[in-house]
Amino acid sequence: MRRDDHVLVSTCLIALVIIPFLLGAFVILYCFPRHSARLFAWPIKPTMTSMMLSCRVIGAIFCLGGSGLAVFTDSRWSTVELLLQVEMIMVTLMLVAAVRAVSEFDPHKALTWLLGGGFIAILAGSVYLWVVMTARARRRSVPGRSGESEDAGLLQKG
(Lines give C-alpha, C1' and ligand atoms only; values in the text may rest on other atoms or scores of the structure.)
Protein backbone atom coordinates (compact mmCIF):
# COMPACT_ATOMS: atom_id res chain seq x y z
CA MET A 1 0.00 0.00 0.00
CA ARG A 2 1.37 3.40 -1.00
CA ARG A 3 1.65 6.19 1.55
CA ASP A 4 -1.09 8.19 -0.20
CA ASP A 5 -3.46 5.23 -0.02
CA HIS A 6 -2.70 4.81 3.69
CA VAL A 7 -3.49 8.48 4.34
CA LEU A 8 -6.74 8.22 2.38
CA VAL A 9 -7.85 5.10 4.28
CA SER A 10 -6.92 6.69 7.63
CA THR A 11 -8.79 9.88 6.79
CA CYS A 12 -11.88 7.94 5.73
CA LEU A 13 -11.86 5.89 8.93
CA ILE A 14 -11.51 8.98 11.10
CA ALA A 15 -14.36 10.64 9.21
CA LEU A 16 -16.57 7.59 9.72
CA VAL A 17 -15.95 7.80 13.46
CA ILE A 18 -16.31 11.59 13.81
CA ILE A 19 -19.26 12.32 11.50
CA PRO A 20 -21.94 10.59 13.65
CA PHE A 21 -20.85 12.63 16.69
CA LEU A 22 -20.92 15.87 14.70
CA LEU A 23 -24.36 15.08 13.29
CA GLY A 24 -25.65 14.22 16.76
CA ALA A 25 -24.29 17.47 18.19
CA PHE A 26 -25.85 19.42 15.31
CA VAL A 27 -29.28 17.87 15.88
CA ILE A 28 -29.14 18.47 19.63
CA LEU A 29 -27.92 22.07 19.39
CA TYR A 30 -30.07 23.07 16.43
CA CYS A 31 -33.33 21.29 17.24
CA PHE A 32 -33.24 21.18 21.05
CA PRO A 33 -31.14 24.17 22.25
CA ARG A 34 -33.18 24.63 25.42
CA HIS A 35 -32.34 21.05 26.48
CA SER A 36 -28.61 21.27 25.79
CA ALA A 37 -27.72 21.06 29.50
CA ARG A 38 -29.28 17.60 29.62
CA LEU A 39 -28.48 16.37 26.10
CA PHE A 40 -25.15 18.03 25.30
CA ALA A 41 -21.81 18.61 27.00
CA TRP A 42 -22.75 22.03 28.41
CA PRO A 43 -25.83 24.27 28.60
CA ILE A 44 -26.50 26.81 25.88
CA LYS A 45 -28.78 29.60 27.09
CA PRO A 46 -29.59 31.91 24.16
CA THR A 47 -30.79 30.33 20.95
CA MET A 48 -31.36 32.73 18.04
CA THR A 49 -29.10 35.50 19.32
CA SER A 50 -26.12 33.21 19.60
CA MET A 51 -26.76 31.71 16.17
CA MET A 52 -27.19 35.02 14.34
CA LEU A 53 -24.32 36.90 16.02
CA SER A 54 -21.76 34.10 16.46
CA CYS A 55 -18.28 34.55 15.07
CA ARG A 56 -18.60 31.37 13.00
CA VAL A 57 -21.68 32.59 11.18
CA ILE A 58 -20.22 36.02 10.57
CA GLY A 59 -16.95 34.45 9.42
CA ALA A 60 -18.79 32.14 7.01
CA ILE A 61 -20.73 35.07 5.56
CA PHE A 62 -17.55 37.13 5.10
CA CYS A 63 -15.78 34.17 3.46
CA LEU A 64 -18.67 33.67 1.05
CA GLY A 65 -18.74 37.39 0.27
CA GLY A 66 -14.96 37.54 -0.16
CA SER A 67 -14.96 34.61 -2.54
CA GLY A 68 -17.88 36.23 -4.34
CA LEU A 69 -15.61 39.16 -5.16
CA ALA A 70 -13.34 36.75 -7.03
CA VAL A 71 -16.25 35.90 -9.33
CA PHE A 72 -15.82 39.27 -11.02
CA THR A 73 -12.57 37.99 -12.53
CA ASP A 74 -14.15 34.81 -13.93
CA SER A 75 -17.05 34.95 -16.38
CA ARG A 76 -17.96 31.24 -16.24
CA TRP A 77 -21.39 30.33 -14.88
CA SER A 78 -19.96 27.26 -13.11
CA THR A 79 -17.90 29.57 -10.88
CA VAL A 80 -20.93 31.60 -9.84
CA GLU A 81 -23.17 28.53 -9.59
CA LEU A 82 -21.19 26.95 -6.77
CA LEU A 83 -21.18 30.14 -4.69
CA LEU A 84 -24.87 30.63 -5.36
CA GLN A 85 -25.66 27.11 -4.17
CA VAL A 86 -23.68 27.68 -0.95
CA GLU A 87 -25.48 30.99 -0.40
CA MET A 88 -28.91 29.40 -0.95
CA ILE A 89 -28.13 26.67 1.60
CA MET A 90 -26.89 29.24 4.14
CA VAL A 91 -29.92 31.50 3.75
CA THR A 92 -32.32 28.54 3.90
CA LEU A 93 -30.75 27.33 7.14
CA MET A 94 -30.91 30.86 8.60
CA LEU A 95 -34.61 31.04 7.72
CA VAL A 96 -35.22 27.62 9.29
CA ALA A 97 -33.43 28.84 12.43
CA ALA A 98 -35.57 31.99 12.46
CA VAL A 99 -38.79 29.97 12.14
CA ARG A 100 -37.63 27.65 14.92
CA ALA A 101 -36.97 30.65 17.20
CA VAL A 102 -39.80 32.91 15.99
CA SER A 103 -40.92 33.61 19.56
CA GLU A 104 -37.61 35.37 20.22
CA PHE A 105 -38.25 38.07 17.59
CA ASP A 106 -40.13 41.28 18.36
CA PRO A 107 -42.96 41.57 15.80
CA HIS A 108 -43.49 45.25 16.72
CA LYS A 109 -40.12 46.30 15.30
CA ALA A 110 -39.89 47.11 11.60
CA LEU A 111 -36.37 45.71 11.39
CA THR A 112 -37.69 42.25 12.29
CA TRP A 113 -39.91 42.25 9.22
CA LEU A 114 -37.28 43.91 7.05
CA LEU A 115 -34.70 41.28 7.97
CA GLY A 116 -37.10 38.37 7.42
CA GLY A 117 -38.40 39.80 4.15
CA GLY A 118 -34.87 40.53 3.00
CA PHE A 119 -33.74 36.96 3.58
CA ILE A 120 -36.81 35.62 1.74
CA ALA A 121 -36.20 38.04 -1.16
CA ILE A 122 -32.52 37.05 -1.36
CA LEU A 123 -33.44 33.36 -1.42
CA ALA A 124 -36.16 33.86 -4.04
CA GLY A 125 -33.85 35.95 -6.24
CA SER A 126 -31.05 33.43 -5.91
CA VAL A 127 -33.31 30.51 -6.83
CA TYR A 128 -34.62 32.46 -9.83
CA LEU A 129 -31.08 33.33 -10.99
CA TRP A 130 -29.94 29.73 -10.57
CA VAL A 131 -32.91 28.33 -12.54
CA VAL A 132 -32.57 30.86 -15.39
CA MET A 133 -28.79 30.58 -15.72
CA THR A 134 -28.76 26.78 -15.46
CA ALA A 135 -31.38 26.55 -18.22
CA ARG A 136 -29.37 28.98 -20.35
CA ALA A 137 -26.17 27.00 -19.81
CA ARG A 138 -27.92 23.79 -20.89
CA ARG A 139 -29.26 25.42 -24.06
CA ARG A 140 -25.84 26.76 -25.02
CA SER A 141 -23.88 23.59 -24.32
CA VAL A 142 -22.53 21.89 -27.40
CA PRO A 143 -21.66 18.16 -27.39
CA GLY A 144 -17.94 17.50 -27.60
CA ARG A 145 -16.84 20.70 -25.86
CA SER A 146 -15.20 20.59 -22.45
CA GLY A 147 -17.17 21.64 -19.38
CA GLU A 148 -14.80 24.55 -18.78
CA SER A 149 -15.54 26.14 -22.15
CA GLU A 150 -19.27 25.38 -22.23
CA ASP A 151 -20.22 28.17 -19.89
CA ALA A 152 -17.53 30.69 -20.82
CA GLY A 153 -18.99 34.12 -21.18
CA LEU A 154 -22.52 33.25 -20.07
CA LEU A 155 -22.55 35.94 -17.43
CA GLN A 156 -21.24 38.56 -19.83
CA LYS A 157 -23.67 37.68 -22.64
CA GLY A 158 -26.67 37.10 -20.34
# chains A, B, ... in the order shown; residues from 1 in each chain; ligands from 1
call {"tool": "residues_around", "arguments": {"residues": "segment 126-139 of chain A", "least_positions_apart": "4", "cutoff": "7 Å", "atoms": "only C-alpha atoms", "output": "VMD selection string"}}
result
chain A and resid 81 84 88 122 151
call {"tool": "select_by_dssp", "arguments": {"residues": "segment 56-155 of chain A", "states": "alpha helix (DSSP H)", "output": "PyMOL selection string"}}
result
chain A and resi 56-70+77-100+110-140+147-150+154-155
call {"tool": "atom_distance", "arguments": {"atom1": "atom CA of Gly116 of chain A", "atom2": "atom CA of Met94 of chain A"}}
result
9.8 Å
call {"tool": "closest_residue", "arguments": {"among": "A:Ala121, A:Ala37, A:Leu95, A:Leu64", "to": "Val80 of chain A", "atoms": "only C-alpha atoms"}}
result
A:Leu64
call {"tool": "closest_residue", "arguments": {"among": "A:Trp113, A:Phe105, A:Ile120, A:Trp77", "to": "Leu93 of chain A", "atoms": "only C-alpha atoms"}}
result
A:Ile120
call {"tool": "residues_around", "arguments": {"residues": "Leu29 of chain A", "least_positions_apart": "5", "cutoff": "10 Å", "atoms": "only C-alpha atoms", "output": "PyMOL selection string"}}
result
chain A and resi 23-24+34-36+39-40+43-44+47
call {"tool": "closest_residue", "arguments": {"among": "A:Cys31, A:Cys63, A:Leu16, A:Ala110", "to": "Ala98 of chain A", "atoms": "only C-alpha atoms"}}
result
A:Cys31
call {"tool": "atom_distance", "arguments": {"atom1": "atom CA of Gly68 of chain A", "atom2": "atom CA of Phe26 of chain A"}}
result
27.1 Å
call {"tool": "closest_residue", "arguments": {"among": "A:Tyr30, A:Leu53, A:Gly117, A:Val71", "to": "Arg100 of chain A", "atoms": "only C-alpha atoms"}}
result
A:Tyr30
call {"tool": "atom_distance", "arguments": {"atom1": "atom CA of Phe21 of chain A", "atom2": "atom CA of Leu82 of chain A"}}
result
27.5 Å
call {"tool": "decode", "arguments": {"residues": "segment 67-103 of chain A", "atoms": "N, CA and C atoms", "output": "short mmCIF file (atom, residue, chain, number, x, y, z; two decimals), in the first residue's frame"}}
result
data_model
loop_
_atom_site.label_atom_id
_atom_site.label_comp_id
_atom_site.auth_asym_id
_atom_site.auth_seq_id
_atom_site.Cartn_x
_atom_site.Cartn_y
_atom_site.Cartn_z
N SER A 67 -15.15 35.45 -1.36
CA SER A 67 -14.96 34.61 -2.54
C SER A 67 -15.88 35.07 -3.67
N GLY A 68 -17.00 35.67 -3.32
CA GLY A 68 -17.88 36.23 -4.34
C GLY A 68 -17.23 37.36 -5.11
N LEU A 69 -16.34 38.10 -4.46
CA LEU A 69 -15.61 39.16 -5.16
C LEU A 69 -14.71 38.59 -6.25
N ALA A 70 -14.20 37.39 -6.02
CA ALA A 70 -13.34 36.75 -7.03
C ALA A 70 -14.11 36.37 -8.28
N VAL A 71 -15.42 36.26 -8.18
CA VAL A 71 -16.25 35.90 -9.33
C VAL A 71 -16.15 36.97 -10.41
N PHE A 72 -15.91 38.20 -10.02
CA PHE A 72 -15.82 39.27 -11.02
C PHE A 72 -14.67 39.06 -12.00
N THR A 73 -13.69 38.25 -11.63
CA THR A 73 -12.57 37.99 -12.53
C THR A 73 -12.78 36.76 -13.39
N ASP A 74 -13.89 36.04 -13.19
CA ASP A 74 -14.15 34.81 -13.93
C ASP A 74 -15.58 34.86 -14.47
N SER A 75 -15.72 34.78 -15.77
CA SER A 75 -17.05 34.95 -16.38
C SER A 75 -17.81 33.64 -16.57
N ARG A 76 -17.27 32.53 -16.08
CA ARG A 76 -17.96 31.24 -16.24
C ARG A 76 -19.11 31.09 -15.25
N TRP A 77 -20.24 30.56 -15.74
CA TRP A 77 -21.39 30.33 -14.88
C TRP A 77 -21.07 29.31 -13.79
N SER A 78 -20.26 28.30 -14.09
CA SER A 78 -19.96 27.26 -13.11
C SER A 78 -19.29 27.85 -11.87
N THR A 79 -18.54 28.93 -12.02
CA THR A 79 -17.90 29.57 -10.88
C THR A 79 -18.95 30.24 -9.99
N VAL A 80 -19.88 30.92 -10.59
CA VAL A 80 -20.93 31.60 -9.84
C VAL A 80 -21.91 30.58 -9.25
N GLU A 81 -22.18 29.52 -10.00
CA GLU A 81 -23.17 28.53 -9.59
C GLU A 81 -22.84 27.91 -8.24
N LEU A 82 -21.59 27.57 -8.03
CA LEU A 82 -21.19 26.95 -6.77
C LEU A 82 -21.39 27.91 -5.60
N LEU A 83 -20.98 29.16 -5.76
CA LEU A 83 -21.18 30.14 -4.69
C LEU A 83 -22.66 30.39 -4.43
N LEU A 84 -23.44 30.41 -5.50
CA LEU A 84 -24.87 30.63 -5.36
C LEU A 84 -25.53 29.48 -4.60
N GLN A 85 -25.11 28.27 -4.88
CA GLN A 85 -25.66 27.11 -4.17
C GLN A 85 -25.31 27.18 -2.68
N VAL A 86 -24.08 27.54 -2.36
CA VAL A 86 -23.68 27.68 -0.95
C VAL A 86 -24.52 28.77 -0.28
N GLU A 87 -24.70 29.88 -0.96
CA GLU A 87 -25.48 30.99 -0.40
C GLU A 87 -26.92 30.57 -0.17
N MET A 88 -27.51 29.83 -1.12
CA MET A 88 -28.91 29.40 -0.95
C MET A 88 -29.05 28.45 0.24
N ILE A 89 -28.09 27.58 0.44
CA ILE A 89 -28.13 26.67 1.60
C ILE A 89 -28.01 27.47 2.89
N MET A 90 -27.07 28.42 2.93
CA MET A 90 -26.89 29.24 4.14
C MET A 90 -28.15 30.02 4.48
N VAL A 91 -28.73 30.69 3.50
CA VAL A 91 -29.92 31.50 3.75
C VAL A 91 -31.10 30.62 4.15
N THR A 92 -31.25 29.47 3.52
CA THR A 92 -32.32 28.54 3.90
C THR A 92 -32.18 28.11 5.35
N LEU A 93 -30.96 27.74 5.75
CA LEU A 93 -30.75 27.33 7.14
C LEU A 93 -30.98 28.47 8.12
N MET A 94 -30.64 29.70 7.73
CA MET A 94 -30.91 30.86 8.60
C MET A 94 -32.41 31.07 8.74
N LEU A 95 -33.15 30.90 7.65
CA LEU A 95 -34.61 31.04 7.72
C LEU A 95 -35.24 29.93 8.57
N VAL A 96 -34.73 28.72 8.45
CA VAL A 96 -35.22 27.62 9.29
C VAL A 96 -34.95 27.94 10.77
N ALA A 97 -33.77 28.47 11.05
CA ALA A 97 -33.43 28.84 12.43
C ALA A 97 -34.36 29.95 12.93
N ALA A 98 -34.68 30.90 12.07
CA ALA A 98 -35.57 31.99 12.46
C ALA A 98 -36.98 31.47 12.73
N VAL A 99 -37.46 30.55 11.92
CA VAL A 99 -38.79 29.97 12.14
C VAL A 99 -38.80 29.18 13.44
N ARG A 100 -37.72 28.44 13.69
CA ARG A 100 -37.63 27.65 14.92
C ARG A 100 -37.66 28.55 16.16
N ALA A 101 -37.07 29.74 16.05
CA ALA A 101 -36.97 30.65 17.20
C ALA A 101 -37.84 31.89 17.01
N VAL A 102 -38.96 31.75 16.32
CA VAL A 102 -39.80 32.91 15.99
C VAL A 102 -40.29 33.65 17.24
N SER A 103 -40.44 32.96 18.33
CA SER A 103 -40.92 33.61 19.56
C SER A 103 -39.89 34.58 20.14
#
